[in-house]
Structures are given as C-alpha cells and as structure tokens.
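*Asks:* See target-v1.cif below, with mmCIF, C-alpha atoms (C1' of nucleotides); chains and numbers go by the auth columns.
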data_final
loop_
_atom_site.group_PDB
_atom_site.id
_atom_site.type_symbol
_atom_site.label_atom_id
_atom_site.label_comp_id
_atom_site.label_asym_id
_atom_site.label_seq_id
_atom_site.Cartn_x
_atom_site.Cartn_y
_atom_site.Cartn_z
_atom_site.B_iso_or_equiv
_atom_site.auth_seq_id
_atom_site.auth_asym_id
ATOM 1 C CA MET A 1 113.739 226.152 184.977 0.00 119 O
ATOM 2 C CA ALA A 2 110.343 225.389 183.518 0.00 120 O
ATOM 3 C CA TYR A 3 109.728 224.140 179.998 0.00 121 O
ATOM 4 C CA TRP A 4 106.956 225.186 177.620 0.00 122 O
ATOM 5 C CA LEU A 5 105.765 224.926 174.048 0.00 123 O
ATOM 6 C CA VAL A 6 104.426 227.805 171.978 0.00 124 O
ATOM 7 C CA LYS A 7 102.740 227.486 168.611 0.00 125 O
ATOM 8 C CA SER A 8 102.799 229.732 165.627 0.00 126 O
ATOM 9 C CA GLU A 9 101.507 229.424 162.118 0.00 127 O
ATOM 10 C CA PRO A 10 104.603 229.988 159.985 0.00 128 O
ATOM 11 C CA ALA A 11 102.500 231.994 157.520 0.00 129 O
ATOM 12 C CA SER A 12 102.027 234.641 160.205 0.00 130 O
ATOM 13 C CA TRP A 13 105.180 234.246 162.344 0.00 131 O
ATOM 14 C CA SER A 14 107.829 231.689 161.455 0.00 132 O
ATOM 15 C CA TRP A 15 111.005 230.441 163.074 0.00 133 O
ATOM 16 C CA ALA A 16 112.966 232.342 160.403 0.00 134 O
ATOM 17 C CA MET A 17 111.300 235.552 161.565 0.00 135 O
ATOM 18 C CA MET A 18 112.017 234.616 165.151 0.00 136 O
ATOM 19 C CA VAL A 19 115.713 234.221 164.296 0.00 137 O
ATOM 20 C CA GLU A 20 115.638 237.473 162.344 0.00 138 O
ATOM 21 C CA ALA A 21 114.358 239.256 165.466 0.00 139 O
ATOM 22 C CA GLY A 22 117.664 238.381 167.129 0.00 140 O
ATOM 23 C CA ALA A 23 118.552 239.108 170.734 0.00 141 O
ATOM 24 C CA ALA A 24 115.798 241.696 171.100 0.00 142 O
ATOM 25 C CA GLY A 25 113.256 238.949 170.473 0.00 143 O
ATOM 26 C CA THR A 26 109.559 239.574 170.062 0.00 144 O
ATOM 27 C CA ALA A 27 106.456 240.071 172.183 0.00 145 O
ATOM 28 C CA TRP A 28 104.377 236.882 172.219 0.00 146 O
ATOM 29 C CA THR A 29 101.015 238.588 171.815 0.00 147 O
ATOM 30 C CA GLY A 30 97.638 237.424 170.623 0.00 148 O
ATOM 31 C CA VAL A 31 96.845 234.702 173.157 0.00 149 O
ATOM 32 C CA ARG A 32 93.084 234.844 173.734 0.00 150 O
ATOM 33 C CA ASN A 33 92.432 231.669 175.670 0.00 151 O
ATOM 34 C CA HIS A 34 92.339 231.710 179.438 0.00 152 O
ATOM 35 C CA VAL A 35 94.194 228.443 179.949 0.00 153 O
ATOM 36 C CA ALA A 36 96.940 229.514 177.558 0.00 154 O
ATOM 37 C CA LYS A 37 97.046 232.851 179.355 0.00 155 O
ATOM 38 C CA LYS A 38 97.533 231.055 182.665 0.00 156 O
ATOM 39 C CA HIS A 39 100.549 229.266 181.202 0.00 157 O
ATOM 40 C CA LEU A 40 101.984 232.509 179.824 0.00 158 O
ATOM 41 C CA ALA A 41 101.574 234.123 183.214 0.00 159 O
ATOM 42 C CA ALA A 42 103.489 231.268 184.852 0.00 160 O
ATOM 43 C CA MET A 43 106.534 231.767 182.622 0.00 161 O
ATOM 44 C CA LEU A 44 109.657 233.185 184.207 0.00 162 O
ATOM 45 C CA VAL A 45 112.542 234.963 182.540 0.00 163 O
ATOM 46 C CA GLY A 46 115.061 232.279 181.550 0.00 164 O
ATOM 47 C CA ASP A 47 112.453 229.566 180.932 0.00 165 O
ATOM 48 C CA HIS A 48 112.731 227.735 177.627 0.00 166 O
ATOM 49 C CA ALA A 49 109.986 226.843 175.162 0.00 167 O
ATOM 50 C CA PHE A 50 109.776 224.726 172.050 0.00 168 O
ATOM 51 C CA PHE A 51 108.735 226.711 168.983 0.00 169 O
ATOM 52 C CA TYR A 52 106.162 224.712 167.014 0.00 170 O
ATOM 53 C CA HIS A 53 104.942 225.391 163.487 0.00 171 O
ATOM 54 C CA SER A 54 101.217 224.625 163.332 0.00 172 O
ATOM 55 C CA ASN A 55 99.280 223.909 160.123 0.00 173 O
ATOM 56 C CA GLU A 56 102.331 224.041 157.858 0.00 174 O
ATOM 57 C CA GLY A 57 105.059 221.703 159.014 0.00 175 O
ATOM 58 C CA LYS A 58 103.463 220.541 162.235 0.00 176 O
ATOM 59 C CA GLU A 59 106.879 220.285 163.797 0.00 177 O
ATOM 60 C CA ILE A 60 109.082 221.667 166.517 0.00 178 O
ATOM 61 C CA VAL A 61 111.740 223.743 164.787 0.00 179 O
ATOM 62 C CA GLY A 62 113.440 225.693 167.533 0.00 180 O
ATOM 63 C CA ILE A 63 113.806 226.702 171.136 0.00 181 O
ATOM 64 C CA VAL A 64 113.067 230.169 172.468 0.00 182 O
ATOM 65 C CA GLU A 65 113.983 231.736 175.786 0.00 183 O
ATOM 66 C CA VAL A 66 111.716 233.975 177.844 0.00 184 O
ATOM 67 C CA ILE A 67 113.431 237.363 178.125 0.00 185 O
ATOM 68 C CA ALA A 68 110.701 239.550 179.630 0.00 186 O
ATOM 69 C CA PRO A 69 108.102 238.595 182.221 0.00 187 O
ATOM 70 C CA TYR A 70 104.347 238.481 181.799 0.00 188 O
ATOM 71 C CA ALA A 71 102.780 241.880 181.197 0.00 189 O
ATOM 72 C CA ALA A 72 99.678 243.343 179.583 0.00 190 O
ATOM 73 C CA ASP A 73 99.228 242.466 175.900 0.00 191 O
ATOM 74 C CA PRO A 74 99.053 245.800 174.058 0.00 192 O
ATOM 75 C CA THR A 75 97.054 244.141 171.255 0.00 193 O
ATOM 76 C CA ASP A 76 94.249 243.172 173.646 0.00 194 O
ATOM 77 C CA GLU A 77 91.683 245.955 173.960 0.00 195 O
ATOM 78 C CA SER A 78 89.857 244.169 176.753 0.00 196 O
ATOM 79 C CA GLY A 79 92.930 244.273 178.981 0.00 197 O
ATOM 80 C CA ARG A 80 92.336 240.698 180.095 0.00 198 O
ATOM 81 C CA PHE A 81 95.235 239.002 178.363 0.00 199 O
ATOM 82 C CA GLY A 82 98.988 239.302 178.584 0.00 200 O
ATOM 83 C CA LYS A 83 102.231 238.505 176.818 0.00 201 O
ATOM 84 C CA VAL A 84 105.834 237.630 177.486 0.00 202 O
ATOM 85 C CA ASP A 85 108.863 238.415 175.322 0.00 203 O
ATOM 86 C CA VAL A 86 110.908 235.607 173.814 0.00 204 O
ATOM 87 C CA ARG A 87 114.032 235.336 171.690 0.00 205 O
ATOM 88 C CA ALA A 88 115.366 232.529 169.493 0.00 206 O
ATOM 89 C CA LEU A 89 117.874 230.387 171.377 0.00 207 O
ATOM 90 C CA HIS A 90 118.624 227.292 169.229 0.00 208 O
ATOM 91 C CA ALA A 91 117.367 225.840 165.988 0.00 209 O
ATOM 92 C CA VAL A 92 116.460 222.158 166.127 0.00 210 O
ATOM 93 C CA PRO A 93 118.912 220.332 163.825 0.00 211 O
ATOM 94 C CA ARG A 94 116.303 217.755 162.834 0.00 212 O
ATOM 95 C CA PRO A 95 112.768 219.189 163.274 0.00 213 O
ATOM 96 C CA VAL A 96 110.554 216.947 165.391 0.00 214 O
ATOM 97 C CA THR A 97 107.157 216.370 163.825 0.00 215 O
ATOM 98 C CA LEU A 98 103.862 215.812 165.548 0.00 216 O
ATOM 99 C CA ALA A 99 103.917 212.292 164.089 0.00 217 O
ATOM 100 C CA ASP A 100 107.333 211.669 165.685 0.00 218 O
ATOM 101 C CA ILE A 101 105.961 212.791 169.030 0.00 219 O
ATOM 102 C CA ARG A 102 102.818 210.665 168.722 0.00 220 O
ATOM 103 C CA ASP A 103 105.083 207.668 168.137 0.00 221 O
ATOM 104 C CA GLU A 104 106.916 208.218 171.422 0.00 222 O
ATOM 105 C CA PRO A 105 105.333 206.414 174.373 0.00 223 O
ATOM 106 C CA GLY A 106 107.061 208.851 176.725 0.00 224 O
ATOM 107 C CA CYS A 107 105.169 211.716 175.109 0.00 225 O
ATOM 108 C CA ALA A 108 101.689 210.192 175.282 0.00 226 O
ATOM 109 C CA GLU A 109 100.653 212.691 177.943 0.00 227 O
ATOM 110 C CA MET A 110 101.886 215.754 176.104 0.00 228 O
ATOM 111 C CA VAL A 111 99.344 218.532 175.722 0.00 229 O
ATOM 112 C CA LEU A 112 100.381 218.795 172.071 0.00 230 O
ATOM 113 C CA VAL A 113 99.084 215.258 171.552 0.00 231 O
ATOM 114 C CA ASN A 114 95.959 215.547 173.676 0.00 232 O
ATOM 115 C CA ASN A 115 94.788 219.105 173.155 0.00 233 O
ATOM 116 C CA SER A 116 95.683 220.240 169.688 0.00 234 O
ATOM 117 C CA ARG A 117 94.189 223.670 170.220 0.00 235 O
ATOM 118 C CA MET A 118 96.292 224.777 173.190 0.00 236 O
ATOM 119 C CA SER A 119 98.639 227.427 171.813 0.00 237 O
ATOM 120 C CA VAL A 120 100.768 227.815 174.946 0.00 238 O
ATOM 121 C CA GLN A 121 101.403 224.726 176.996 0.00 239 O
ATOM 122 C CA PRO A 122 103.695 223.278 179.664 0.00 240 O
ATOM 123 C CA VAL A 123 106.189 220.529 178.791 0.00 241 O
ATOM 124 C CA ARG A 124 107.427 218.009 181.366 0.00 242 O
ATOM 125 C CA SER A 125 111.191 217.679 181.729 0.00 243 O
ATOM 126 C CA GLN A 126 111.153 214.064 180.497 0.00 244 O
ATOM 127 C CA GLU A 127 109.174 215.150 177.424 0.00 245 O
ATOM 128 C CA TRP A 128 111.663 217.949 176.866 0.00 246 O
ATOM 129 C CA ALA A 129 114.513 215.442 176.956 0.00 247 O
ATOM 130 C CA ILE A 130 112.809 213.076 174.495 0.00 248 O
ATOM 131 C CA VAL A 131 112.121 215.834 171.978 0.00 249 O
ATOM 132 C CA CYS A 132 115.696 217.125 172.291 0.00 250 O
ATOM 133 C CA ARG A 133 116.979 213.614 171.595 0.00 251 O
ATOM 134 C CA LEU A 134 114.691 213.208 168.568 0.00 252 O
ATOM 135 C CA GLY A 135 115.763 216.624 167.308 0.00 253 O
ATOM 136 C CA LYS A 136 119.482 215.852 167.675 0.00 254 O
ATOM 137 C CA LEU A 137 119.695 218.759 170.058 0.00 255 O
ATOM 138 C CA ILE A 138 122.499 218.679 172.554 0.00 256 O
ATOM 139 C CA ILE A 139 121.874 221.135 175.340 0.00 257 O
ATOM 140 C "C1'" DG B 1 88.582 221.697 151.853 0.00 105 E
ATOM 141 C "C1'" DC B 2 86.555 219.200 155.571 0.00 106 E
ATOM 142 C "C1'" DC B 3 85.410 218.544 160.087 0.00 107 E
ATOM 143 C "C1'" DA B 4 86.144 217.513 165.157 0.00 108 E
ATOM 144 C "C1'" DA B 5 87.118 219.764 169.285 0.00 109 E
ATOM 145 C "C1'" DC B 6 86.467 223.339 172.024 0.00 110 E
ATOM 146 C "C1'" DG B 7 85.884 228.206 173.537 0.00 111 E
ATOM 147 C "C1'" DT B 8 82.724 232.174 173.532 0.00 112 E
ATOM 148 C "C1'" DT B 9 78.497 234.588 173.148 0.00 113 E
ATOM 149 C "C1'" DG B 10 73.972 235.645 174.104 0.00 114 E
ATOM 150 C "C1'" DG B 11 69.001 234.431 174.741 0.00 115 E
ATOM 151 C "C1'" DC B 12 66.184 232.636 178.106 0.00 116 E
ATOM 152 C "C1'" DG C 1 73.140 229.342 185.245 0.00 130 X
ATOM 153 C "C1'" DC C 2 72.056 226.583 181.210 0.00 131 X
ATOM 154 C "C1'" DC C 3 72.661 225.589 176.628 0.00 132 X
ATOM 155 C "C1'" DA C 4 72.213 226.331 171.543 0.00 133 X
ATOM 156 C "C1'" DA C 5 74.486 228.724 168.018 0.00 134 X
ATOM 157 C "C1'" DC C 6 78.445 230.205 166.245 0.00 135 X
ATOM 158 C "C1'" DG C 7 83.446 231.043 165.367 0.00 136 X
ATOM 159 C "C1'" DT C 8 88.195 229.447 165.461 0.00 137 X
ATOM 160 C "C1'" DT C 9 91.966 226.287 165.589 0.00 138 X
ATOM 161 C "C1'" DG C 10 94.460 222.953 163.601 0.00 139 X
ATOM 162 C "C1'" DG C 11 95.022 218.020 162.081 0.00 140 X
ATOM 163 C "C1'" DC C 12 94.030 215.311 158.271 0.00 141 X
#
Can you present the structure in this file as structure tokens?
*Replies:*
Amino acid sequence: MAYWLVKSEPASWSWAMMVEAGAAGTAWTGVRNHVAKKHLAAMLVGDHAFFYHSNEGKEIVGIVEVIAPYAADPTDESGRFGKVDVRALHAVPRPVTLADIRDEPGCAEMVLVNNSRMSVQPVRSQEWAIVCRLGKLII
DNA sequence: GCCAACGTTGGC
DNA sequence: GCCAACGTTGGC
C-alpha cells in the first residue's frame, strides 16, 4: 500500500466534515497543479493518506482511505484534472504539527517540509511511521 | 497582513 | 521557446 498526504484548509473542508461524510466519503476535487494531479492519479483504492489542515492548525489531524480510483474531476471545465474519492479512517489522537515534523530528522525529506505548496504528495513508509508515532496512532 | 515560492499566462 | 507579469498558496 502506498502512503500520501492531502491538504485542506479547514475553513473550506475540515476533518470534522470529512468524518461527517462517513463511509460514503467525498470526492477530492479541485486539484489544479500537474504534479499534484500526477500523485492523485497514482493513488490506488485502499491507499492511505494523512489529512493535513493548512493555514489554520498546520497539523495532521486524521487518516483517510482512498475508496474510488482516479477519474475526471467534474469541477474542472478544462477536463485536464482528476479526482479520487476518500473517506475518514482514523482521527489522530494527538495532532502532529508542521513544527513537530520539522523537528524530526527522519522527516527532513518530506515534501510537506520542502514544498509547502504541494497539496497532494507522497509519503515514505518511514515518514508515515514517524508521524503515526508522534500522533499516538497505533495502526 | 506580509511575503516568498512557485505555477500559469501571454506577449514577443 | 523565453521570460516578465501576475495570481495563488500557505507559512510566519
């Protein structure tokens, strides 16, 4: 299974809303960057992703699971971009902040640290494990 | 609120 | 195909 990180501004779509969406989940639309699109397109059903609150919070607050494969994004009139569907899987007991991650030598290569603008990004398995440990997540 | 980083657009 | 101008993201 591959690991990812997706960002959302809680003012527009928060973890609480993600949980509210339940098992049906939500379409992860609105990606308009070609690198982020490439990552979305590489996601497989069953992959997991950290759910990160940008701007407000700046922390990883949950884990989502990919429940529908890459397909056209209905909100994109150009037809160039796509979406996947995700559902909330676990909350993170102790949210892991960007500052926490910056303090971890094992996370120095994370895209979150090095490219703050990438809204969909891959996470290495060792980075996944570190963040789960920091978040008191037992998986 | 500011600004750095970076992606996109459009003139040439 | 280059690059200046502009818009957006997102940390601080």
*Asks:* Using all atoms of stretch 227-238 of chain O that appear in the file, construct an axis-aligned enclosing box with 4 Å of padding on every side and provide its centre coordinates and edge lengths in Å, rounded to one decimal, as lines of an AutoDock Vina configuration file.
*Replies:*
center_x = 98.0
center_y = 220.3
center_z = 173.8
size_x = 15.7
size_y = 23.1
size_z = 16.3
*Asks:* Which residues, named as in the file, does the PyMOL selection byres ((chain O) within 9 of (chain E)) pick out? Answer as a ChimeraX atom specification.
*Replies:* /O:151,233-235
*Asks:* Specify as a PyMOL selection string each residue included when the PyMOL selection byres ((chain O and resi 166) around 10) is applied to this file.
*Replies:* chain O and resi 119-123+161-165+167-169+181-185+204-207+241+246
*Asks:* Between atom CA of O:Ser237 and atom CA of O:Ser172, what distance in Å does the model show, to one decimal?
*Replies:* 9.3 Å
*Asks:* Could you tell me which residues the PyMOL selection byres ((chain O and resi 131-138) around 7) returns for this structure, as JSON, numbers by chain?
*Replies:* {"O": [126, 127, 128, 129, 130, 139, 140, 143, 179, 180, 205, 206]}
*Asks:* How many Å lie between atom CA of O:Thr193 and atom CA of O:Arg150, rounded to one decimal?
*Replies:*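 It comes out at 10.4 Å.
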*Asks:* Report the distance between atom CA of O:Lys125 and atom CA of O:Ala217 in Å, rounded to one decimal place.
*Replies:*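 Answer for the atom CA of O:Lys125 to atom CA of O:Ala217 separation: 15.9 Å.
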*Asks:* Under the rule that all atoms listed in the file are counted, which of O:Ser196, O:Lys201, O:His208, O:Thr215 is the nearest residue to O:His171?
*Replies:* O:Thr215
*Asks:* Could you add whatever atoms are missing so that stretch 161-174 of chain O carries N, CA, C and O atoms, then write the result as a compact mmCIF listing (two decimals), in the frame of the given file?
*Replies:*
# COMPACT_ATOMS: atom_id res chain seq x y z
N MET O 161 105.17 231.78 183.18
CA MET O 161 106.53 231.77 182.62
C MET O 161 107.42 232.74 183.37
O MET O 161 107.00 233.84 183.73
N LEU O 162 108.66 232.32 183.56
CA LEU O 162 109.66 233.18 184.21
C LEU O 162 110.77 233.48 183.21
O LEU O 162 111.05 232.67 182.32
N VAL O 163 111.40 234.62 183.38
CA VAL O 163 112.54 234.96 182.54
C VAL O 163 113.59 233.86 182.68
O VAL O 163 113.90 233.43 183.79
N GLY O 164 114.09 233.38 181.54
CA GLY O 164 115.06 232.28 181.55
C GLY O 164 114.45 230.94 181.22
O GLY O 164 115.16 230.00 180.86
N ASP O 165 113.12 230.81 181.34
CA ASP O 165 112.45 229.57 180.93
C ASP O 165 112.63 229.35 179.43
O ASP O 165 112.76 230.32 178.66
N HIS O 166 112.59 228.08 179.04
CA HIS O 166 112.73 227.74 177.63
C HIS O 166 111.42 227.17 177.09
O HIS O 166 110.67 226.54 177.84
N ALA O 167 111.20 227.36 175.80
CA ALA O 167 109.99 226.84 175.16
C ALA O 167 110.32 226.32 173.77
O ALA O 167 111.09 226.94 173.03
N PHE O 168 109.71 225.20 173.43
CA PHE O 168 109.78 224.73 172.05
C PHE O 168 108.95 225.66 171.18
O PHE O 168 107.90 226.16 171.60
N PHE O 169 109.43 225.87 169.96
CA PHE O 169 108.74 226.71 168.98
C PHE O 169 108.17 225.77 167.93
O PHE O 169 108.93 225.12 167.20
N TYR O 170 106.85 225.69 167.87
CA TYR O 170 106.16 224.71 167.01
C TYR O 170 105.45 225.41 165.86
O TYR O 170 104.74 226.39 166.08
N HIS O 171 105.66 224.89 164.66
CA HIS O 171 104.94 225.39 163.49
C HIS O 171 103.64 224.63 163.32
O HIS O 171 103.65 223.44 162.99
N SER O 172 102.51 225.28 163.53
CA SER O 172 101.22 224.62 163.33
C SER O 172 100.78 224.79 161.87
O SER O 172 101.26 225.66 161.15
N ASN O 173 99.85 223.92 161.48
CA ASN O 173 99.28 223.91 160.12
C ASN O 173 100.30 223.51 159.05
O ASN O 173 100.14 222.48 158.42
N GLU O 174 101.30 224.36 158.85
CA GLU O 174 102.33 224.04 157.86
C GLU O 174 103.55 223.52 158.60
O GLU O 174 104.15 224.25 159.38
